[in-house]
>>> print(open('coords-v4.cif').read())   # mmCIF, C-alpha atoms and all ligand atoms
data_query
#
loop_
_atom_site.group_PDB
_atom_site.id
_atom_site.type_symbol
_atom_site.label_atom_id
_atom_site.label_comp_id
_atom_site.auth_asym_id
_atom_site.auth_seq_id
_atom_site.Cartn_x
_atom_site.Cartn_y
_atom_site.Cartn_z
ATOM 1 C CA MET A 1 86.879 -89.462 163.571
ATOM 2 C CA THR A 2 86.787 -85.904 164.845
ATOM 3 C CA PRO A 3 88.481 -85.151 168.159
ATOM 4 C CA VAL A 4 85.136 -84.037 169.629
ATOM 5 C CA ARG A 5 83.574 -87.377 168.712
ATOM 6 C CA THR A 6 86.506 -89.298 170.193
ATOM 7 C CA ILE A 7 86.217 -87.367 173.438
ATOM 8 C CA ALA A 8 82.472 -88.020 173.541
ATOM 9 C CA ILE A 9 83.008 -91.781 173.103
ATOM 10 C CA LEU A 10 85.747 -91.845 175.736
ATOM 11 C CA ALA A 11 83.440 -89.995 178.126
ATOM 12 C CA VAL A 12 80.692 -92.569 177.585
ATOM 13 C CA LEU A 13 83.167 -95.443 178.135
ATOM 14 C CA ALA A 14 84.446 -93.820 181.333
ATOM 15 C CA ALA A 15 80.913 -93.318 182.623
ATOM 16 C CA THR A 16 79.983 -96.926 181.815
ATOM 17 C CA ALA A 17 83.070 -98.284 183.544
ATOM 18 C CA ALA A 18 82.398 -96.212 186.684
ATOM 19 C CA ALA A 19 78.741 -97.117 187.114
ATOM 20 C CA ALA A 20 77.975 -100.429 188.809
ATOM 21 C CA ASP A 21 74.445 -101.539 189.628
ATOM 22 C CA GLY A 22 73.488 -100.119 192.990
ATOM 23 C CA ASP A 23 75.948 -97.220 192.792
ATOM 24 C CA THR A 24 74.088 -94.356 194.450
ATOM 25 C CA ARG A 25 74.575 -90.632 194.422
ATOM 26 C CA ILE A 26 72.989 -88.327 197.010
ATOM 27 C CA ALA A 27 71.512 -85.388 195.118
ATOM 28 C CA LYS A 28 72.791 -82.001 196.207
ATOM 29 C CA TRP A 29 69.211 -80.691 196.456
ATOM 30 C CA LYS A 30 65.751 -82.242 196.417
ATOM 31 C CA ASP A 31 64.732 -83.837 193.104
ATOM 32 C CA ASP A 32 68.322 -83.394 191.920
ATOM 33 C CA LYS A 33 67.798 -79.659 191.323
ATOM 34 C CA ALA A 34 70.886 -77.504 190.944
ATOM 35 C CA ALA A 35 70.058 -74.919 193.642
ATOM 36 C CA ALA A 36 67.695 -74.104 196.520
ATOM 37 C CA ILE A 37 66.019 -70.677 196.591
ATOM 38 C CA ILE A 38 64.140 -69.311 199.574
ATOM 39 C CA LEU A 39 61.939 -66.230 199.377
ATOM 40 C CA MET A 40 61.699 -64.600 202.812
ATOM 41 C CA PHE A 41 59.155 -61.957 203.839
ATOM 42 C CA ASP A 42 59.595 -59.926 207.019
ATOM 43 C CA ASP A 43 57.270 -58.100 209.416
ATOM 44 C CA SER A 44 53.852 -59.632 208.546
ATOM 45 C CA CYS A 45 53.259 -56.836 206.023
ATOM 46 C CA VAL A 46 49.745 -56.301 204.729
ATOM 47 C CA SER A 47 51.178 -56.445 201.182
ATOM 48 C CA HIS A 48 52.332 -60.033 201.820
ATOM 49 C CA VAL A 49 48.753 -61.149 202.359
ATOM 50 C CA LYS A 50 47.396 -58.990 199.537
ATOM 51 C CA ASN A 51 50.114 -59.399 196.895
ATOM 52 C CA VAL A 52 52.687 -62.058 197.711
ATOM 53 C CA VAL A 53 50.629 -65.037 198.864
ATOM 54 C CA PRO A 54 48.249 -65.000 195.850
ATOM 55 C CA GLU A 55 51.060 -64.569 193.295
ATOM 56 C CA LEU A 56 53.190 -67.347 194.814
ATOM 57 C CA GLY A 57 50.163 -69.593 195.291
ATOM 58 C CA LYS A 58 48.979 -69.442 191.698
ATOM 59 C CA ARG A 59 52.475 -70.371 190.477
ATOM 60 C CA GLY A 60 52.929 -73.255 192.905
ATOM 61 C CA LEU A 61 55.779 -71.395 194.659
ATOM 62 C CA THR A 62 56.306 -71.004 198.379
ATOM 63 C CA GLY A 63 57.998 -68.682 200.873
ATOM 64 C CA THR A 64 58.970 -68.184 204.509
ATOM 65 C CA PHE A 65 57.199 -65.463 206.517
ATOM 66 C CA TYR A 66 58.950 -63.813 209.495
ATOM 67 C CA ILE A 67 55.938 -62.599 211.415
ATOM 68 C CA ASN A 68 55.344 -60.456 214.525
ATOM 69 C CA GLN A 69 52.200 -61.730 216.220
ATOM 70 C CA GLY A 70 52.040 -58.672 218.481
ATOM 71 C CA SER A 71 52.029 -56.091 215.672
ATOM 72 C CA GLY A 72 49.154 -54.066 214.257
ATOM 73 C CA GLN A 73 49.664 -55.288 210.701
ATOM 74 C CA TYR A 74 49.501 -58.893 211.928
ATOM 75 C CA ALA A 75 46.270 -58.138 213.800
ATOM 76 C CA ALA A 76 44.812 -56.674 210.591
ATOM 77 C CA ASN A 77 45.165 -60.095 208.918
ATOM 78 C CA ARG A 78 44.968 -62.453 211.881
ATOM 79 C CA GLN A 79 42.821 -65.027 210.063
ATOM 80 C CA ALA A 80 45.261 -65.153 207.134
ATOM 81 C CA TRP A 81 48.363 -65.553 209.334
ATOM 82 C CA GLU A 82 46.848 -68.052 211.739
ATOM 83 C CA LYS A 83 44.802 -70.170 209.342
ATOM 84 C CA ASP A 84 44.971 -69.587 205.580
ATOM 85 C CA ILE A 85 48.706 -69.020 205.064
ATOM 86 C CA PRO A 86 50.007 -71.965 207.154
ATOM 87 C CA ALA A 87 47.201 -74.197 205.816
ATOM 88 C CA ALA A 88 48.384 -73.397 202.269
ATOM 89 C CA GLY A 89 51.839 -74.730 203.185
ATOM 90 C CA PHE A 90 53.751 -71.465 203.602
ATOM 91 C CA GLU A 91 56.378 -71.516 206.356
ATOM 92 C CA LEU A 92 55.951 -69.326 209.455
ATOM 93 C CA ALA A 93 59.188 -68.114 211.035
ATOM 94 C CA ASN A 94 60.180 -66.353 214.256
ATOM 95 C CA HIS A 95 60.834 -62.588 214.010
ATOM 96 C CA THR A 96 59.884 -61.970 217.693
ATOM 97 C CA LEU A 97 56.477 -61.053 219.039
ATOM 98 C CA THR A 98 56.532 -57.273 218.543
ATOM 99 C CA HIS A 99 59.815 -56.479 216.708
ATOM 100 C CA LYS A 100 60.561 -54.012 219.515
ATOM 101 C CA GLY A 101 63.012 -55.976 221.655
ATOM 102 C CA GLY A 102 62.802 -55.497 225.411
ATOM 103 C CA ALA A 103 64.349 -53.679 228.365
ATOM 104 C CA THR A 104 65.731 -56.836 230.005
ATOM 105 C CA VAL A 105 67.104 -60.204 228.910
ATOM 106 C CA ALA A 106 63.909 -61.786 230.258
ATOM 107 C CA ASP A 107 61.794 -59.442 228.088
ATOM 108 C CA VAL A 108 63.768 -60.291 224.938
ATOM 109 C CA THR A 109 63.561 -64.000 225.764
ATOM 110 C CA ARG A 110 59.799 -63.697 226.126
ATOM 111 C CA GLU A 111 59.602 -61.887 222.764
ATOM 112 C CA ILE A 112 61.228 -64.949 221.190
ATOM 113 C CA THR A 113 59.495 -67.760 223.082
ATOM 114 C CA ALA A 114 56.032 -66.182 222.758
ATOM 115 C CA ALA A 115 56.494 -65.893 218.974
ATOM 116 C CA ASN A 116 57.446 -69.570 218.854
ATOM 117 C CA GLU A 117 54.373 -70.579 220.857
ATOM 118 C CA ALA A 118 52.161 -68.575 218.493
ATOM 119 C CA ILE A 119 53.710 -70.363 215.496
ATOM 120 C CA ARG A 120 53.008 -73.668 217.204
ATOM 121 C CA ALA A 121 49.370 -72.666 217.771
ATOM 122 C CA ALA A 122 48.953 -71.658 214.097
ATOM 123 C CA THR A 123 50.285 -75.010 212.870
ATOM 124 C CA PRO A 124 48.466 -77.623 214.962
ATOM 125 C CA ALA A 125 48.941 -80.386 212.380
ATOM 126 C CA MET A 126 52.732 -80.114 212.494
ATOM 127 C CA LYS A 127 54.831 -81.905 215.079
ATOM 128 C CA TRP A 128 56.306 -80.062 218.056
ATOM 129 C CA PRO A 129 59.017 -79.432 219.031
ATOM 130 C CA ARG A 130 60.468 -78.885 215.595
ATOM 131 C CA LEU A 131 62.996 -76.558 213.956
ATOM 132 C CA VAL A 132 61.769 -73.001 213.301
ATOM 133 C CA SER A 133 63.612 -70.394 211.243
ATOM 134 C CA TRP A 134 64.914 -67.337 213.112
ATOM 135 C CA GLY A 135 65.244 -63.896 211.540
ATOM 136 C CA GLN A 136 66.521 -61.359 214.054
ATOM 137 C CA PRO A 137 64.577 -58.099 213.797
ATOM 138 C CA GLY A 138 66.636 -55.137 212.593
ATOM 139 C CA GLY A 139 66.529 -51.470 213.478
ATOM 140 C CA ILE A 140 66.141 -52.009 217.247
ATOM 141 C CA LYS A 141 67.844 -49.505 219.575
ATOM 142 C CA LYS A 142 70.815 -51.033 221.405
ATOM 143 C CA GLU A 143 69.250 -50.596 224.839
ATOM 144 C CA MET A 144 66.237 -52.597 223.693
ATOM 145 C CA TRP A 145 68.381 -55.613 222.788
ATOM 146 C CA PRO A 146 70.359 -56.154 226.031
ATOM 147 C CA ILE A 147 70.827 -59.887 225.473
ATOM 148 C CA SER A 148 74.464 -60.996 224.941
ATOM 149 C CA LYS A 149 75.507 -63.130 222.001
ATOM 150 C CA ASP A 150 75.892 -66.191 224.241
ATOM 151 C CA GLU A 151 72.584 -65.597 226.019
ATOM 152 C CA LEU A 152 70.828 -65.269 222.660
ATOM 153 C CA ALA A 153 72.494 -68.434 221.339
ATOM 154 C CA ALA A 154 71.171 -70.322 224.387
ATOM 155 C CA VAL A 155 67.615 -69.069 223.855
ATOM 156 C CA LEU A 156 67.763 -69.985 220.165
ATOM 157 C CA LYS A 157 69.045 -73.452 221.034
ATOM 158 C CA ASP A 158 66.345 -74.042 223.691
ATOM 159 C CA ASN A 159 63.683 -73.129 221.143
ATOM 160 C CA HIS A 160 65.180 -75.089 218.207
ATOM 161 C CA LEU A 161 65.576 -71.892 216.198
ATOM 162 C CA VAL A 162 67.813 -71.921 213.123
ATOM 163 C CA THR A 163 69.341 -68.583 212.157
ATOM 164 C CA ARG A 164 68.744 -67.623 208.535
ATOM 165 C CA PRO A 165 71.516 -66.272 206.268
ATOM 166 C CA ASP A 166 72.524 -62.629 206.777
ATOM 167 C CA PHE A 167 70.452 -59.789 205.372
ATOM 168 C CA GLY A 168 73.561 -58.294 203.745
ATOM 169 C CA GLY A 169 73.515 -58.681 199.952
ATOM 170 C CA ARG A 170 70.064 -60.304 200.072
ATOM 171 C CA GLY A 171 67.684 -57.423 200.737
ATOM 172 C CA ALA A 172 64.952 -56.779 198.181
ATOM 173 C CA SER A 173 64.897 -53.105 197.099
ATOM 174 C CA ILE A 174 68.393 -52.713 198.647
ATOM 175 C CA ALA A 175 70.710 -55.333 197.091
ATOM 176 C CA PHE A 176 68.288 -55.848 194.201
ATOM 177 C CA LYS A 177 66.377 -53.168 192.360
ATOM 178 C CA LYS A 178 65.522 -54.250 188.811
ATOM 179 C CA GLY A 179 63.780 -57.533 188.033
ATOM 180 C CA ALA A 180 66.959 -58.650 186.279
ATOM 181 C CA ASP A 181 68.948 -58.205 189.541
ATOM 182 C CA TYR A 182 66.757 -60.760 191.337
ATOM 183 C CA VAL A 183 66.906 -63.195 188.425
ATOM 184 C CA ALA A 184 70.702 -62.865 188.230
ATOM 185 C CA HIS A 185 70.902 -63.824 191.936
ATOM 186 C CA VAL A 186 68.930 -67.010 191.170
ATOM 187 C CA ASP A 187 71.111 -67.827 188.157
ATOM 188 C CA LYS A 188 74.229 -67.354 190.282
ATOM 189 C CA ALA A 189 72.893 -69.911 192.787
ATOM 190 C CA ILE A 190 72.119 -72.363 189.961
ATOM 191 C CA LYS A 191 75.637 -71.999 188.626
ATOM 192 C CA ALA A 192 77.234 -72.426 192.054
ATOM 193 C CA GLY A 193 74.827 -75.161 193.247
ATOM 194 C CA THR A 194 74.077 -73.264 196.452
ATOM 195 C CA MET A 195 71.171 -72.300 198.686
ATOM 196 C CA GLU A 196 70.320 -68.616 198.417
ATOM 197 C CA CYS A 197 67.626 -66.410 199.816
ATOM 198 C CA ILE A 198 66.042 -63.075 198.977
ATOM 199 C CA ILE A 199 64.681 -61.099 201.931
ATOM 200 C CA TYR A 200 61.660 -58.886 201.306
ATOM 201 C CA HIS A 201 59.807 -56.367 203.390
ATOM 202 C CA GLY A 202 56.889 -54.743 201.534
ATOM 203 C CA VAL A 203 56.001 -55.943 198.042
ATOM 204 C CA GLY A 204 53.948 -53.442 196.034
ATOM 205 C CA GLY A 205 53.267 -51.505 199.279
ATOM 206 C CA ASP A 206 54.339 -51.045 202.915
ATOM 207 C CA TRP A 207 58.008 -50.261 203.767
ATOM 208 C CA LEU A 208 61.343 -50.936 202.033
ATOM 209 C CA ALA A 209 59.006 -51.914 199.249
ATOM 210 C CA ALA A 210 59.998 -53.906 196.202
ATOM 211 C CA GLY A 211 57.916 -53.193 193.104
ATOM 212 C CA MET A 212 55.194 -55.555 192.007
ATOM 213 C CA PRO A 213 56.447 -55.842 188.371
ATOM 214 C CA GLU A 214 59.907 -56.864 189.670
ATOM 215 C CA PHE A 215 58.354 -59.415 192.025
ATOM 216 C CA ILE A 216 56.299 -60.920 189.178
ATOM 217 C CA GLU A 217 59.407 -61.028 186.979
ATOM 218 C CA LEU A 218 61.243 -63.057 189.642
ATOM 219 C CA ALA A 219 58.257 -65.358 190.279
ATOM 220 C CA ASP A 220 57.910 -66.080 186.545
ATOM 221 C CA ALA A 221 61.672 -66.649 186.248
ATOM 222 C CA LEU A 222 61.514 -69.205 189.086
ATOM 223 C CA VAL A 223 58.712 -71.054 187.286
ATOM 224 C CA ALA A 224 60.715 -70.990 184.040
ATOM 225 C CA ARG A 225 63.682 -72.490 185.928
ATOM 226 C CA LYS A 226 61.679 -75.096 187.848
ATOM 227 C CA ASP A 227 63.853 -77.959 186.591
ATOM 228 C CA ALA A 228 66.939 -76.296 188.068
ATOM 229 C CA VAL A 229 65.628 -74.652 191.240
ATOM 230 C CA TRP A 230 64.069 -76.023 194.413
ATOM 231 C CA VAL A 231 61.936 -73.161 195.725
ATOM 232 C CA THR A 232 61.313 -74.062 199.346
ATOM 233 C CA GLY A 233 61.228 -72.801 202.924
ATOM 234 C CA HIS A 234 64.269 -72.152 205.081
ATOM 235 C CA ILE A 235 63.817 -75.165 207.365
ATOM 236 C CA PRO A 236 63.382 -77.791 204.608
ATOM 237 C CA ALA A 237 66.478 -76.456 202.826
ATOM 238 C CA HIS A 238 68.463 -76.333 206.089
ATOM 239 C CA GLN A 239 67.386 -79.873 206.986
ATOM 240 C CA TYR A 240 68.257 -81.180 203.531
ATOM 241 C CA ALA A 241 71.730 -79.627 203.529
ATOM 242 C CA THR A 242 72.506 -80.739 207.102
ATOM 243 C CA GLU A 243 71.403 -84.337 206.521
ATOM 244 C CA ARG A 244 73.099 -84.485 203.132
ATOM 245 C CA ASP A 245 76.447 -83.244 204.405
ATOM 246 C CA SER A 246 76.954 -86.303 206.614
ATOM 247 C CA ALA A 247 74.820 -88.800 204.654
ATOM 248 C CA LYS A 248 76.166 -92.178 203.616
ATOM 249 C CA VAL A 249 74.654 -94.850 201.402
ATOM 250 C CA ALA A 250 75.564 -98.513 201.811
ATOM 251 C CA VAL A 251 74.581 -101.031 199.154
ATOM 252 C CA GLY A 252 73.344 -104.298 200.667
ATOM 253 C CA ALA A 253 72.012 -107.422 198.931
ATOM 254 C CA LYS A 254 71.430 -107.194 195.193
ATOM 255 C CA ASP A 255 70.321 -109.683 192.583
ATOM 256 C CA ALA A 256 68.642 -109.733 189.147
ATOM 257 C CA ALA A 257 65.344 -108.497 190.607
ATOM 258 C CA LYS A 258 66.219 -106.125 193.428
ATOM 259 C CA ILE A 259 68.800 -103.884 195.093
ATOM 260 C CA SER A 260 68.800 -103.085 198.827
ATOM 261 C CA LEU A 261 70.398 -99.963 200.321
ATOM 262 C CA THR A 262 70.633 -98.166 203.631
ATOM 263 C CA LEU A 263 70.884 -94.396 204.021
ATOM 264 C CA SER A 264 72.296 -92.874 207.209
ATOM 265 C CA THR A 265 73.168 -89.398 208.467
ATOM 266 C CA ALA A 266 74.684 -87.936 211.630
ATOM 267 C CA ALA A 267 71.819 -85.404 211.929
ATOM 268 C CA ASP A 268 69.346 -85.922 214.815
ATOM 269 C CA PRO A 269 66.298 -87.702 213.316
ATOM 270 C CA ALA A 270 63.967 -86.002 215.820
ATOM 271 C CA PHE A 271 64.571 -82.675 214.052
ATOM 272 C CA TYR A 272 66.024 -83.701 210.696
ATOM 273 C CA ASP A 273 63.341 -85.698 208.928
ATOM 274 C CA GLN A 274 63.529 -84.266 205.408
ATOM 275 C CA PRO A 275 63.751 -86.990 202.716
ATOM 276 C CA LEU A 276 66.894 -86.882 200.607
ATOM 277 C CA THR A 277 66.859 -87.534 196.866
ATOM 278 C CA LEU A 278 68.978 -90.487 195.736
ATOM 279 C CA VAL A 279 69.990 -91.542 192.223
ATOM 280 C CA THR A 280 70.795 -95.248 191.912
ATOM 281 C CA GLN A 281 72.206 -97.121 188.909
ATOM 282 C CA VAL A 282 70.130 -100.174 187.967
ATOM 283 C CA PRO A 283 70.762 -103.010 185.462
ATOM 284 C CA ALA A 284 70.386 -101.987 181.821
ATOM 285 C CA ALA A 285 67.362 -104.242 181.282
ATOM 286 C CA TRP A 286 65.286 -102.513 183.968
ATOM 287 C CA LYS A 287 62.733 -100.050 182.575
ATOM 288 C CA ALA A 288 60.761 -99.225 185.721
ATOM 289 C CA CYS A 289 61.138 -99.939 189.433
ATOM 290 C CA THR A 290 59.230 -99.926 192.665
ATOM 291 C CA VAL A 291 61.128 -98.208 195.469
ATOM 292 C CA THR A 292 59.981 -99.074 198.984
ATOM 293 C CA GLN A 293 61.150 -97.895 202.381
ATOM 294 C CA GLY A 294 59.082 -99.097 205.308
ATOM 295 C CA LYS A 295 55.464 -98.283 204.490
ATOM 296 C CA ARG A 296 56.369 -95.820 201.715
ATOM 297 C CA SER A 297 56.378 -97.052 198.158
ATOM 298 C CA ALA A 298 56.779 -95.320 194.795
ATOM 299 C CA GLU A 299 56.797 -96.362 191.148
ATOM 300 C CA VAL A 300 59.819 -94.851 189.410
ATOM 301 C CA ALA A 301 60.768 -94.857 185.717
ATOM 302 C CA VAL A 302 64.360 -95.673 184.792
ATOM 303 C CA ASP A 303 66.120 -92.766 183.121
ATOM 304 C CA ALA A 304 69.542 -93.264 181.511
ATOM 305 C CA GLY A 305 70.096 -96.442 183.535
ATOM 306 C CA ALA A 306 69.253 -94.870 186.883
ATOM 307 C CA VAL A 307 66.272 -94.288 189.174
ATOM 308 C CA ARG A 308 65.708 -91.104 191.167
ATOM 309 C CA TYR A 309 63.662 -91.242 194.370
ATOM 310 C CA ASP A 310 63.302 -89.803 197.867
ATOM 311 C CA ALA A 311 64.367 -91.667 201.000
ATOM 312 C CA LEU A 312 64.500 -90.856 204.699
ATOM 313 C CA PRO A 313 67.931 -91.177 206.305
ATOM 314 C CA GLY A 314 68.264 -93.441 209.315
ATOM 315 C CA ALA A 315 64.932 -95.133 208.633
ATOM 316 C CA GLU A 316 64.224 -98.594 207.265
ATOM 317 C CA PRO A 317 66.267 -100.109 204.406
ATOM 318 C CA ILE A 318 65.438 -99.021 200.857
ATOM 319 C CA VAL A 319 64.520 -101.759 198.397
ATOM 320 C CA ILE A 320 64.498 -101.110 194.645
ATOM 321 C CA THR A 321 62.615 -103.854 192.802
ATOM 322 C CA ARG A 322 62.500 -104.351 189.047
ATOM 323 C CA LYS A 323 58.969 -103.921 187.699
HETATM 324 ZN ZN ZN B 1 61.772 -56.926 210.568
#
>>> encode(input="coords-v4.cif", output="structure tokens")
Amino acid sequence: MTPVRTIAILAVLAATAAAADGDTRIAKWKDDKAAAIILMFDDSCVSHVKNVVPELGKRGLTGTFYINQGSGQYAANRQAWEKDIPAAGFELANHTLTHKGGATVADVTREITAANEAIRAATPAMKWPRLVSWGQPGGIKKEMWPISKDELAAVLKDNHLVTRPDFGGRGASIAFKKGADYVAHVDKAIKAGTMECIIYHGVGGDWLAAGMPEFIELADALVARKDAVWVTGHIPAHQYATERDSAKVAVGAKDAAKISLTLSTAADPAFYDQPLTLVTQVPAAWKACTVTQGKRSAEVAVDAGAVRYDALPGAEPIVITRK
């Protein structure tokens, strides 16, 4: 027997010994993908409506848009920002009302709260209050951002705003130039198992513009890597990671026909209601299962002795039944 073959057999034996029925792993990212990637688009650019939304939409991809409801370019596409884009499932995020800051703390606070209210109005089907992503506008003169770090933190907290990762190293047309630079950033996230974002301004037009061919190259690369990458919005990824980091699974009753589990997390269920993906070992004879949690139910095929499914932490018990 070759050494490689011996190692392979030992690995299988070790895996078999470790896996008991009901053993459950919480996937690092939704659907057990290796990484989460978030495409972010700042300033409600006209090129986002014209170029980005159609190209993402036809590939089944999504993105997070940091809009300024008081800007001219927003007004030029009001219908798209307030109806079509949120209705198509793209995430709207807070980038302040006008991007201009304000002369007083009260003015800056109003810039932030008014943008949040406008996001609420554009997404009437979504619950409120809820978490909203925050991207602080750049390039503002110091005197037009008089709010202290602590004062800002309080405003963000009051409005359930979640600060996105830093611009540094993530700016399209700054940190990345060629199509291959963007794709390498994605591959790095896959390798490291992390959440990463790419922050765009114009795409094929407007300012700090990334080229259209490079954008298409990235979009196609994300589709080609769909088994490894969860392309999502900032808030779903933030919710998933936060819930996951304190999540615990407890195996309850199990017999020849079913396995019961509970999933809990320390995250506040009022704001953290993103299902987590679980992978549970089931008896070797099971070929398909029904997974139920409260009123939700899904038929799941058994793959390599395990079932993969979504469950909401802190909710009702999960019951996996042999089909
Ligand atoms: Zn901006």
>>> resolve_selection(input="coords-v4.cif", expression="the PyMOL selection byres (((chain A and resi 112) around 12) and not hetatm)", output="MDAnalysis selection string")
chainID A and resid 66:70 93:102 105:111 113:119 132:137 145 147 152:161
>>> residues_near_ligand(input="coords-v4.cif", ligand="ligand ZN 1 (chain B)", cutoff="6 Å", atoms="all atoms listed in the file", output="mmCIF file with C-alpha atoms, in the frame of the given file")
data_model
loop_
_atom_site.group_PDB
_atom_site.id
_atom_site.type_symbol
_atom_site.label_atom_id
_atom_site.label_comp_id
_atom_site.auth_asym_id
_atom_site.auth_seq_id
_atom_site.Cartn_x
_atom_site.Cartn_y
_atom_site.Cartn_z
ATOM 1 C CA ASP A 42 59.595 -59.926 207.019
ATOM 2 C CA ASP A 43 57.270 -58.100 209.416
ATOM 3 C CA PRO A 137 64.577 -58.099 213.797
ATOM 4 C CA GLY A 138 66.636 -55.137 212.593
#
>>> atom_distance(input="coords-v4.cif", atom1="atom CA of A:Ala241", atom2="atom CA of A:Met195")
8.8 Å
>>> closest_atom_pairs(input="coords-v4.cif", of="stretch 8-81 of chain A", to="stretch 266-287 of chain A", cutoff="10 Å", atoms="all atoms listed in the file", output="tab-separated table")
residue	atom	partner	partner_atom	distance
A:Ala19	CA	A:Gln281	CA	6.8
A:Ala20	CA	A:Gln281	CA	6.7
A:Asp21	CA	A:Val282	CA	4.8
A:Gly22	CA	A:Gln281	CA	5.2
A:Asp23	CA	A:Gln281	CA	5.4
A:Thr24	CA	A:Thr280	CA	4.3
A:Arg25	CA	A:Val279	CA	5.2
A:Ile26	CA	A:Leu278	CA	4.7
A:Ala27	CA	A:Thr277	CA	5.4
A:Lys28	CA	A:Thr277	CA	8.1
A:Trp29	CA	A:Thr277	CA	7.2
A:Lys30	CA	A:Thr277	CA	5.4
A:Asp31	CA	A:Thr277	CA	5.7
A:Asp32	CA	A:Thr277	CA	6.6
A:Lys33	CA	A:Thr277	CA	9.7
>>> atom_distance(input="coords-v4.cif", atom1="atom CA of A:Ala175", atom2="atom CA of A:Met212")
16.3 Å
>>> atom_distance(input="coords-v4.cif", atom1="atom CA of A:Ala315", atom2="atom CA of A:Leu263")
7.6 Å
>>> resolve_selection(input="coords-v4.cif", expression="the PyMOL selection byres (((chain A and resi 292) around 10) and not hetatm)", output="list in words")
Ser260, Cys289, Thr290, Val291, Gln293, Gly294, Lys295, Arg296, Ser297, Ala298, Glu299, Tyr309, Asp310, Ala311, Glu316, Pro317, Ile318, Val319, Ile320 and Thr321 of chain A
>>> axis_aligned_box(input="coords-v4.cif", around="stretch 175-188 of chain A", padding_each_side="5 Å", output="AutoDock Vina command-line options")
--center_x 69.0 --center_y -60.5 --center_z 191.7 --size_x 20.4 --size_y 24.7 --size_z 20.8
>>> closest_residue(input="coords-v4.cif", among="A:Val300, A:Leu261, A:Ile85, A:Met40", to="A:Pro54", atoms="all atoms listed in the file")
A:Ile85
>>> closest_residue(input="coords-v4.cif", among="A:Ala210, A:Ala237, A:Ala125, A:Ala250", to="A:Pro165", atoms="all atoms listed in the file")
A:Ala237
>>> residues_around(input="coords-v4.cif", residues="A:Ser47", least_positions_apart="5", cutoff="6 Å", atoms="only C-alpha atoms", output="list in words")
Gly202, Val203 and Gly205 of chain A
>>> closest_atom_pairs(input="coords-v4.cif", of="stretch 68-135 of chain A", to="stretch 48-52 of chain A", cutoff="9 Å", atoms="all atoms listed in the file", output="tab-separated table")
residue	atom	partner	partner_atom	distance
A:Asn77	CA	A:Val49	CA	7.6
A:Ala80	CA	A:Val49	CA	7.1
A:Trp81	CA	A:Val49	CA	8.3
A:Ile85	CA	A:Val49	CA	8.3
>>> resolve_selection(input="coords-v4.cif", expression="the PyMOL selection byres (((chain A and resi 227-229) around 8) and not hetatm)", output="list in words")
Lys33, Ala34, Ala35, Ala36, Ile37, Ile190, Leu222, Arg225, Lys226, Trp230 and Val231 of chain A
>>> closest_residue(input="coords-v4.cif", among="A:Ala180, A:Ala103, A:Ala306, A:Leu39", to="A:Lys142", atoms="all atoms listed in the file")
A:Ala103
